[in-house]
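A.B. asks: After the structure tokens below, expect a handful of questions from me.
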Amino acid sequence: MIMSKLNLTEAYPEYYKAKSNPQLVELEPYQYITIQGNSEPNAPVFLAAIDDLYKLVYGIKFFHKNEGMDFVVPKMEAFWWVDGELPFEETPQEEWYWKIMFRMPDFVGEGEFKLVVDQLVKEGKLANDHQLEFESIHEGKSVQALHIGSYYDERGTLEKIFAFMKDNDLEMNGQHHEIYISDPRKTVEEKLKTILRYAVK
């Protein structure tokens with residue numbers, strides 16, 4: 001008997017698909033494994049955080065595969081924000097804050113998260129002072145659009161999102177959220193697909 005794999009991208013198109021024109025979506029609370037920090041993108045601490053997350057994702061995946069509940073590793077996501085007076089684009093990148101995360105299937109709980117983390121620490125694959133968390137995040141009403149191109153050339157897509165908010169009397173109610181649909185290791189920069197999303201009220 002071939003065991004089926006849960007693919008969140010296919011099972012939840014309302015979460016993982018967007019159009020080039022902004023649209024309003026309603027999102028439920030979902031559970032994630034996350035890691036938070038402060039640095040420019042691609043700084044050593046940022047890359048190390050991604051590495052820790054992947055170790056944990058695959059650890060949880062294989063834990064559940066052994067229980068007969070396998071899943072495809074979901075798309076990586078991140079919240080980005082700044083803590084200061086300057087707008088995001090005028091803030092030096094080394095002062096950016098980020099929370100990198102992977103959404104987890106509903107059958108993944110905090111119990112196995114802790115079990116897998118403890119095992120990785122015991123094996124020396126994670127440091128004792130790791131910053132990994134298991135948390136529920138509820139964005140609720142959100143505006144999103146699909147950006148195609150470089151991560152550093154999102155202004156045009158963001159302007160469409162902000163204009164949509166203004167036209168519909170919506171205010172930002174959360175941080176800049178990116179879902180990385182394309183793998184940057186396998187996709188040329190001008191074809192990278194990223195969902196840009198903001199919780200609104």
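Ligands are numbered from 1 in the order shown, residues from 1 within each chain, and chains are lettered A, B, ... in the order they appear in the structure tokens.
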I'd like the neighbourhood of Gly59 of chain A as a list in words, where a residue qualifies if any of its atoms comes within 10 Å (using only C-alpha atoms), though same-chain residues fewer than 4 positions away should be ignored.

C.D. replies: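 So the residues in contact are Leu53, Tyr54, Lys55, Phe63, His64, Lys65, Glu112, Phe113, Leu115, Val116, Val117, Gln119 and Leu120 of chain A.
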
A.B. asks: I need the residues of segment 22-130 of chain A that end up classed as strand (DSSP E) by DSSP on the backbone, written out as a PDB file with N, CA and C atoms, in the first residue's frame.

C.D. replies:
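Here's the written file selection_4.pdb:
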```pdb
ATOM      1  N   GLN A  23      -6.129  41.011  -4.003  1.00  0.00           N
ATOM      2  CA  GLN A  23      -7.421  40.442  -3.652  1.00  0.00           C
ATOM      3  C   GLN A  23      -7.521  40.333  -2.134  1.00  0.00           C
ATOM      4  N   LEU A  24      -8.755  40.338  -1.662  1.00  0.00           N
ATOM      5  CA  LEU A  24      -9.025  40.218  -0.230  1.00  0.00           C
ATOM      6  C   LEU A  24      -9.300  38.759   0.094  1.00  0.00           C
ATOM      7  N   VAL A  25      -8.652  38.239   1.137  1.00  0.00           N
ATOM      8  CA  VAL A  25      -8.864  36.851   1.559  1.00  0.00           C
ATOM      9  C   VAL A  25      -9.124  36.821   3.057  1.00  0.00           C
ATOM     10  N   GLU A  26      -9.759  35.761   3.515  1.00  0.00           N
ATOM     11  CA  GLU A  26     -10.025  35.563   4.944  1.00  0.00           C
ATOM     12  C   GLU A  26      -9.289  34.307   5.380  1.00  0.00           C
ATOM     13  N   LEU A  27      -8.374  34.451   6.327  1.00  0.00           N
ATOM     14  CA  LEU A  27      -7.522  33.341   6.747  1.00  0.00           C
ATOM     15  C   LEU A  27      -7.859  32.891   8.161  1.00  0.00           C
ATOM     16  N   TYR A  30      -3.606  29.354  11.859  1.00  0.00           N
ATOM     17  CA  TYR A  30      -2.814  28.196  11.443  1.00  0.00           C
ATOM     18  C   TYR A  30      -1.620  28.065  12.377  1.00  0.00           C
ATOM     19  N   GLN A  31      -1.058  26.860  12.427  1.00  0.00           N
ATOM     20  CA  GLN A  31       0.096  26.642  13.297  1.00  0.00           C
ATOM     21  C   GLN A  31       1.374  26.576  12.469  1.00  0.00           C
ATOM     22  N   TYR A  32       2.420  27.102  13.070  1.00  0.00           N
ATOM     23  CA  TYR A  32       3.696  27.245  12.373  1.00  0.00           C
ATOM     24  C   TYR A  32       4.847  26.868  13.300  1.00  0.00           C
ATOM     25  N   ILE A  33       5.965  26.481  12.685  1.00  0.00           N
ATOM     26  CA  ILE A  33       7.220  26.506  13.418  1.00  0.00           C
ATOM     27  C   ILE A  33       7.958  27.739  12.922  1.00  0.00           C
ATOM     28  N   THR A  34       8.517  28.501  13.856  1.00  0.00           N
ATOM     29  CA  THR A  34       9.078  29.805  13.515  1.00  0.00           C
ATOM     30  C   THR A  34      10.434  30.009  14.183  1.00  0.00           C
ATOM     31  N   ILE A  35      11.158  30.977  13.642  1.00  0.00           N
ATOM     32  CA  ILE A  35      12.385  31.443  14.283  1.00  0.00           C
ATOM     33  C   ILE A  35      12.509  32.927  13.964  1.00  0.00           C
ATOM     34  N   GLN A  36      12.834  33.718  14.965  1.00  0.00           N
ATOM     35  CA  GLN A  36      12.835  35.173  14.826  1.00  0.00           C
ATOM     36  C   GLN A  36      14.233  35.730  15.053  1.00  0.00           C
ATOM     37  N   GLY A  37      14.544  36.823  14.345  1.00  0.00           N
ATOM     38  CA  GLY A  37      15.849  37.443  14.512  1.00  0.00           C
ATOM     39  C   GLY A  37      15.900  38.830  13.918  1.00  0.00           C
ATOM     40  N   ASN A  38      17.104  39.356  13.819  1.00  0.00           N
ATOM     41  CA  ASN A  38      17.327  40.738  13.403  1.00  0.00           C
ATOM     42  C   ASN A  38      18.634  40.801  12.614  1.00  0.00           C
ATOM     43  N   ASP A  70       2.627  11.185   6.417  1.00  0.00           N
ATOM     44  CA  ASP A  70       3.693  11.948   5.770  1.00  0.00           C
ATOM     45  C   ASP A  70       3.129  13.237   5.163  1.00  0.00           C
ATOM     46  N   PHE A  71       3.993  14.218   4.980  1.00  0.00           N
ATOM     47  CA  PHE A  71       3.579  15.453   4.318  1.00  0.00           C
ATOM     48  C   PHE A  71       4.745  16.035   3.525  1.00  0.00           C
ATOM     49  N   MET A  76       8.469  27.983   2.341  1.00  0.00           N
ATOM     50  CA  MET A  76       8.983  28.841   3.402  1.00  0.00           C
ATOM     51  C   MET A  76       8.284  30.197   3.338  1.00  0.00           C
ATOM     52  N   GLU A  77       8.110  30.817   4.507  1.00  0.00           N
ATOM     53  CA  GLU A  77       7.464  32.125   4.600  1.00  0.00           C
ATOM     54  C   GLU A  77       8.262  33.004   5.551  1.00  0.00           C
ATOM     55  N   ALA A  78       7.980  34.301   5.533  1.00  0.00           N
ATOM     56  CA  ALA A  78       8.626  35.189   6.501  1.00  0.00           C
ATOM     57  C   ALA A  78       7.797  36.447   6.705  1.00  0.00           C
ATOM     58  N   PHE A  79       7.783  36.912   7.957  1.00  0.00           N
ATOM     59  CA  PHE A  79       7.327  38.264   8.267  1.00  0.00           C
ATOM     60  C   PHE A  79       8.563  39.149   8.327  1.00  0.00           C
ATOM     61  N   TRP A  80       8.432  40.383   7.843  1.00  0.00           N
ATOM     62  CA  TRP A  80       9.518  41.367   7.889  1.00  0.00           C
ATOM     63  C   TRP A  80       8.975  42.660   8.484  1.00  0.00           C
ATOM     64  N   TRP A  81       9.768  43.294   9.349  1.00  0.00           N
ATOM     65  CA  TRP A  81       9.342  44.577   9.913  1.00  0.00           C
ATOM     66  C   TRP A  81      10.553  45.361  10.420  1.00  0.00           C
ATOM     67  N   TYR A  97      13.976  43.292  11.019  1.00  0.00           N
ATOM     68  CA  TYR A  97      13.584  42.138  11.836  1.00  0.00           C
ATOM     69  C   TYR A  97      12.856  41.141  10.940  1.00  0.00           C
ATOM     70  N   TRP A  98      12.973  39.872  11.287  1.00  0.00           N
ATOM     71  CA  TRP A  98      12.312  38.837  10.497  1.00  0.00           C
ATOM     72  C   TRP A  98      11.836  37.693  11.394  1.00  0.00           C
ATOM     73  N   LYS A  99      10.812  37.053  10.918  1.00  0.00           N
ATOM     74  CA  LYS A  99      10.341  35.794  11.515  1.00  0.00           C
ATOM     75  C   LYS A  99      10.150  34.827  10.355  1.00  0.00           C
ATOM     76  N   ILE A 100      11.048  33.845  10.251  1.00  0.00           N
ATOM     77  CA  ILE A 100      10.964  32.847   9.187  1.00  0.00           C
ATOM     78  C   ILE A 100      10.101  31.699   9.697  1.00  0.00           C
ATOM     79  N   MET A 101       9.305  31.102   8.829  1.00  0.00           N
ATOM     80  CA  MET A 101       8.385  30.082   9.335  1.00  0.00           C
ATOM     81  C   MET A 101       7.937  29.111   8.247  1.00  0.00           C
ATOM     82  N   PHE A 102       7.448  27.980   8.721  1.00  0.00           N
ATOM     83  CA  PHE A 102       6.795  26.980   7.881  1.00  0.00           C
ATOM     84  C   PHE A 102       5.453  26.652   8.517  1.00  0.00           C
ATOM     85  N   ARG A 103       4.405  26.697   7.712  1.00  0.00           N
ATOM     86  CA  ARG A 103       3.102  26.260   8.209  1.00  0.00           C
ATOM     87  C   ARG A 103       3.133  24.746   8.390  1.00  0.00           C
TER      88      ARG A 103
END
```

A.B. asks: At what distance in Å, to one decimal, does atom CA of Val108 of chain A lie from atom CA of Asp183 of chain A?

C.D. replies: 24.2 Å

A.B. asks: Restrict the calculation to only C-alpha atoms, then for each residue of segment 8-106 of chain A with any atom at most 12 Å from an atom of segment 185-193 of chain A give the closest atom pair and their distance in Å to one decimal, rows by chain and rising residue number, as CSV.

C.D. replies:
```
residue,atom,partner,partner_atom,distance
A:Tyr16,CA,A:Lys193,CA,11.1
A:Lys17,CA,A:Lys193,CA,10.3
A:Ala18,CA,A:Lys193,CA,10.0
A:Lys19,CA,A:Lys193,CA,10.8
A:Ser20,CA,A:Lys193,CA,10.3
A:Lys75,CA,A:Lys193,CA,11.4
```

A.B. asks: Near segment 195-198 of chain A, counting only C-alpha atoms, which residues have an atom at most 9 Å away, once you skip same-chain residues fewer than 3 positions from it, shown as a short mmCIF file (atom, residue, chain, number, x, y, z; two decimals) with C-alpha atoms, in the first residue's frame?

C.D. replies:
```cif
data_model
loop_
_atom_site.label_atom_id
_atom_site.label_comp_id
_atom_site.auth_asym_id
_atom_site.auth_seq_id
_atom_site.Cartn_x
_atom_site.Cartn_y
_atom_site.Cartn_z
CA TYR A 16 -0.79 29.36 -1.33
CA LYS A 17 -2.21 30.93 -4.51
CA ALA A 18 -2.58 34.60 -5.41
CA LYS A 19 -3.20 36.71 -8.51
CA GLU A 139 -3.97 36.99 10.21
CA LYS A 141 -8.78 39.45 6.79
CA SER A 142 -5.80 40.07 4.48
CA VAL A 143 -4.88 41.64 1.16
CA GLN A 144 -2.46 39.75 -1.05
CA ALA A 145 -0.95 39.77 -4.54
CA LEU A 146 1.53 37.66 -6.48
CA HIS A 147 4.90 39.30 -7.13
CA ILE A 148 7.05 37.94 -9.95
CA GLU A 154 8.65 44.53 -4.93
CA THR A 157 3.41 45.10 -6.47
CA LEU A 158 3.30 46.78 -3.06
CA ILE A 161 -1.64 46.44 -2.71
CA MET A 172 -2.74 47.64 7.57
CA ASN A 173 -3.13 45.41 10.63
CA GLY A 174 0.01 43.28 10.54
CA GLN A 175 3.52 42.91 9.23
CA HIS A 176 4.81 42.47 5.69
CA HIS A 177 4.31 38.76 4.94
CA GLU A 178 6.08 36.90 2.13
CA ILE A 179 5.41 33.32 0.98
CA TYR A 180 8.19 32.01 -1.23
CA ILE A 181 6.45 29.96 -3.91
#
```

A.B. asks: Give me the residues near Thr91 of chain A as a list in words, where near means some atom within 9 Å (using only C-alpha atoms) and where sequence neighbours in that chain fewer than 6 positions away do not count.

C.D. replies: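 What passes the distance filter is Val82, Gly84 and Glu85 of chain A.
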
A.B. asks: Can you tell me, as a JSON list (two decimals) with N, CA and C atoms, in the first residue's frame, which residues in segment 108-170 of chain A count as alpha helix (DSSP H) by DSSP?

C.D. replies:
```json
[["chain", "number", "residue", "atom", "x", "y", "z"],
["A", 110, "GLU", "N", 2.34, 20.56, 19.45],
["A", 110, "GLU", "CA", 3.50, 21.08, 20.18],
["A", 110, "GLU", "C", 4.28, 19.96, 20.85],
["A", 111, "GLY", "N", 3.59, 18.85, 21.17],
["A", 111, "GLY", "CA", 4.26, 17.73, 21.82],
["A", 111, "GLY", "C", 5.37, 17.15, 20.97],
["A", 112, "GLU", "N", 5.06, 16.83, 19.71],
["A", 112, "GLU", "CA", 6.11, 16.27, 18.85],
["A", 112, "GLU", "C", 7.13, 17.32, 18.43],
["A", 113, "PHE", "N", 6.70, 18.59, 18.37],
["A", 113, "PHE", "CA", 7.66, 19.67, 18.15],
["A", 113, "PHE", "C", 8.75, 19.60, 19.22],
["A", 114, "LYS", "N", 8.34, 19.51, 20.48],
["A", 114, "LYS", "CA", 9.32, 19.46, 21.58],
["A", 114, "LYS", "C", 10.15, 18.19, 21.54],
["A", 115, "LEU", "N", 9.52, 17.07, 21.20],
["A", 115, "LEU", "CA", 10.26, 15.80, 21.11],
["A", 115, "LEU", "C", 11.36, 15.87, 20.06],
["A", 116, "VAL", "N", 11.02, 16.40, 18.89],
["A", 116, "VAL", "CA", 11.99, 16.47, 17.79],
["A", 116, "VAL", "C", 13.09, 17.48, 18.12],
["A", 117, "VAL", "N", 12.72, 18.62, 18.69],
["A", 117, "VAL", "CA", 13.73, 19.61, 19.08],
["A", 117, "VAL", "C", 14.70, 19.01, 20.09],
["A", 118, "ASP", "N", 14.17, 18.34, 21.10],
["A", 118, "ASP", "CA", 15.03, 17.72, 22.13],
["A", 118, "ASP", "C", 15.98, 16.71, 21.51],
["A", 119, "GLN", "N", 15.48, 15.94, 20.55],
["A", 119, "GLN", "CA", 16.32, 14.94, 19.89],
["A", 119, "GLN", "C", 17.43, 15.60, 19.07],
["A", 120, "LEU", "N", 17.10, 16.68, 18.37],
["A", 120, "LEU", "CA", 18.09, 17.40, 17.57],
["A", 120, "LEU", "C", 19.16, 18.04, 18.46],
["A", 121, "VAL", "N", 18.75, 18.55, 19.60],
["A", 121, "VAL", "CA", 19.72, 19.13, 20.56],
["A", 121, "VAL", "C", 20.62, 18.03, 21.09],
["A", 122, "LYS", "N", 20.02, 16.89, 21.44],
["A", 122, "LYS", "CA", 20.77, 15.75, 21.96],
["A", 122, "LYS", "C", 21.81, 15.25, 20.95],
["A", 155, "ARG", "N", 8.43, 46.96, -5.13],
["A", 155, "ARG", "CA", 7.73, 48.23, -4.98],
["A", 155, "ARG", "C", 6.46, 48.31, -5.83],
["A", 156, "GLY", "N", 6.54, 47.91, -7.10],
["A", 156, "GLY", "CA", 5.37, 48.00, -7.98],
["A", 156, "GLY", "C", 4.19, 47.18, -7.47],
["A", 157, "THR", "N", 4.47, 45.96, -7.00],
["A", 157, "THR", "CA", 3.41, 45.10, -6.47],
["A", 157, "THR", "C", 2.85, 45.67, -5.17],
["A", 158, "LEU", "N", 3.74, 46.19, -4.33],
["A", 158, "LEU", "CA", 3.30, 46.78, -3.06],
["A", 158, "LEU", "C", 2.43, 48.02, -3.30],
["A", 159, "GLU", "N", 2.78, 48.81, -4.29],
["A", 159, "GLU", "CA", 1.98, 50.00, -4.58],
["A", 159, "GLU", "C", 0.56, 49.61, -4.99],
["A", 160, "LYS", "N", 0.43, 48.51, -5.73],
["A", 160, "LYS", "CA", -0.91, 48.02, -6.11],
["A", 160, "LYS", "C", -1.68, 47.57, -4.87],
["A", 161, "ILE", "N", -0.99, 46.90, -3.94],
["A", 161, "ILE", "CA", -1.64, 46.44, -2.71],
["A", 161, "ILE", "C", -2.10, 47.64, -1.88],
["A", 162, "PHE", "N", -1.24, 48.65, -1.72],
["A", 162, "PHE", "CA", -1.59, 49.81, -0.90],
["A", 162, "PHE", "C", -2.71, 50.62, -1.55],
["A", 163, "ALA", "N", -2.73, 50.69, -2.88],
["A", 163, "ALA", "CA", -3.82, 51.39, -3.57],
["A", 163, "ALA", "C", -5.13, 50.65, -3.37],
["A", 164, "PHE", "N", -5.09, 49.32, -3.41],
["A", 164, "PHE", "CA", -6.28, 48.50, -3.18],
["A", 164, "PHE", "C", -6.81, 48.73, -1.76],
["A", 165, "MET", "N", -5.90, 48.80, -0.79],
["A", 165, "MET", "CA", -6.32, 49.07, 0.59],
["A", 165, "MET", "C", -7.03, 50.42, 0.68],
["A", 166, "LYS", "N", -6.43, 51.44, 0.07],
["A", 166, "LYS", "CA", -7.00, 52.79, 0.12],
["A", 166, "LYS", "C", -8.37, 52.82, -0.54],
["A", 167, "ASP", "N", -8.51, 52.19, -1.70],
["A", 167, "ASP", "CA", -9.78, 52.18, -2.43],
["A", 167, "ASP", "C", -10.88, 51.46, -1.67]]
```

A.B. asks: Which is closest to Ser4 of chain A among A:Ile60, A:Ala127, A:Met69, A:Leu132, if we use only C-alpha atoms?

C.D. replies: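 Looking only at the distances to Ser4 of chain A, the closest residue turns out to be A:Met69.
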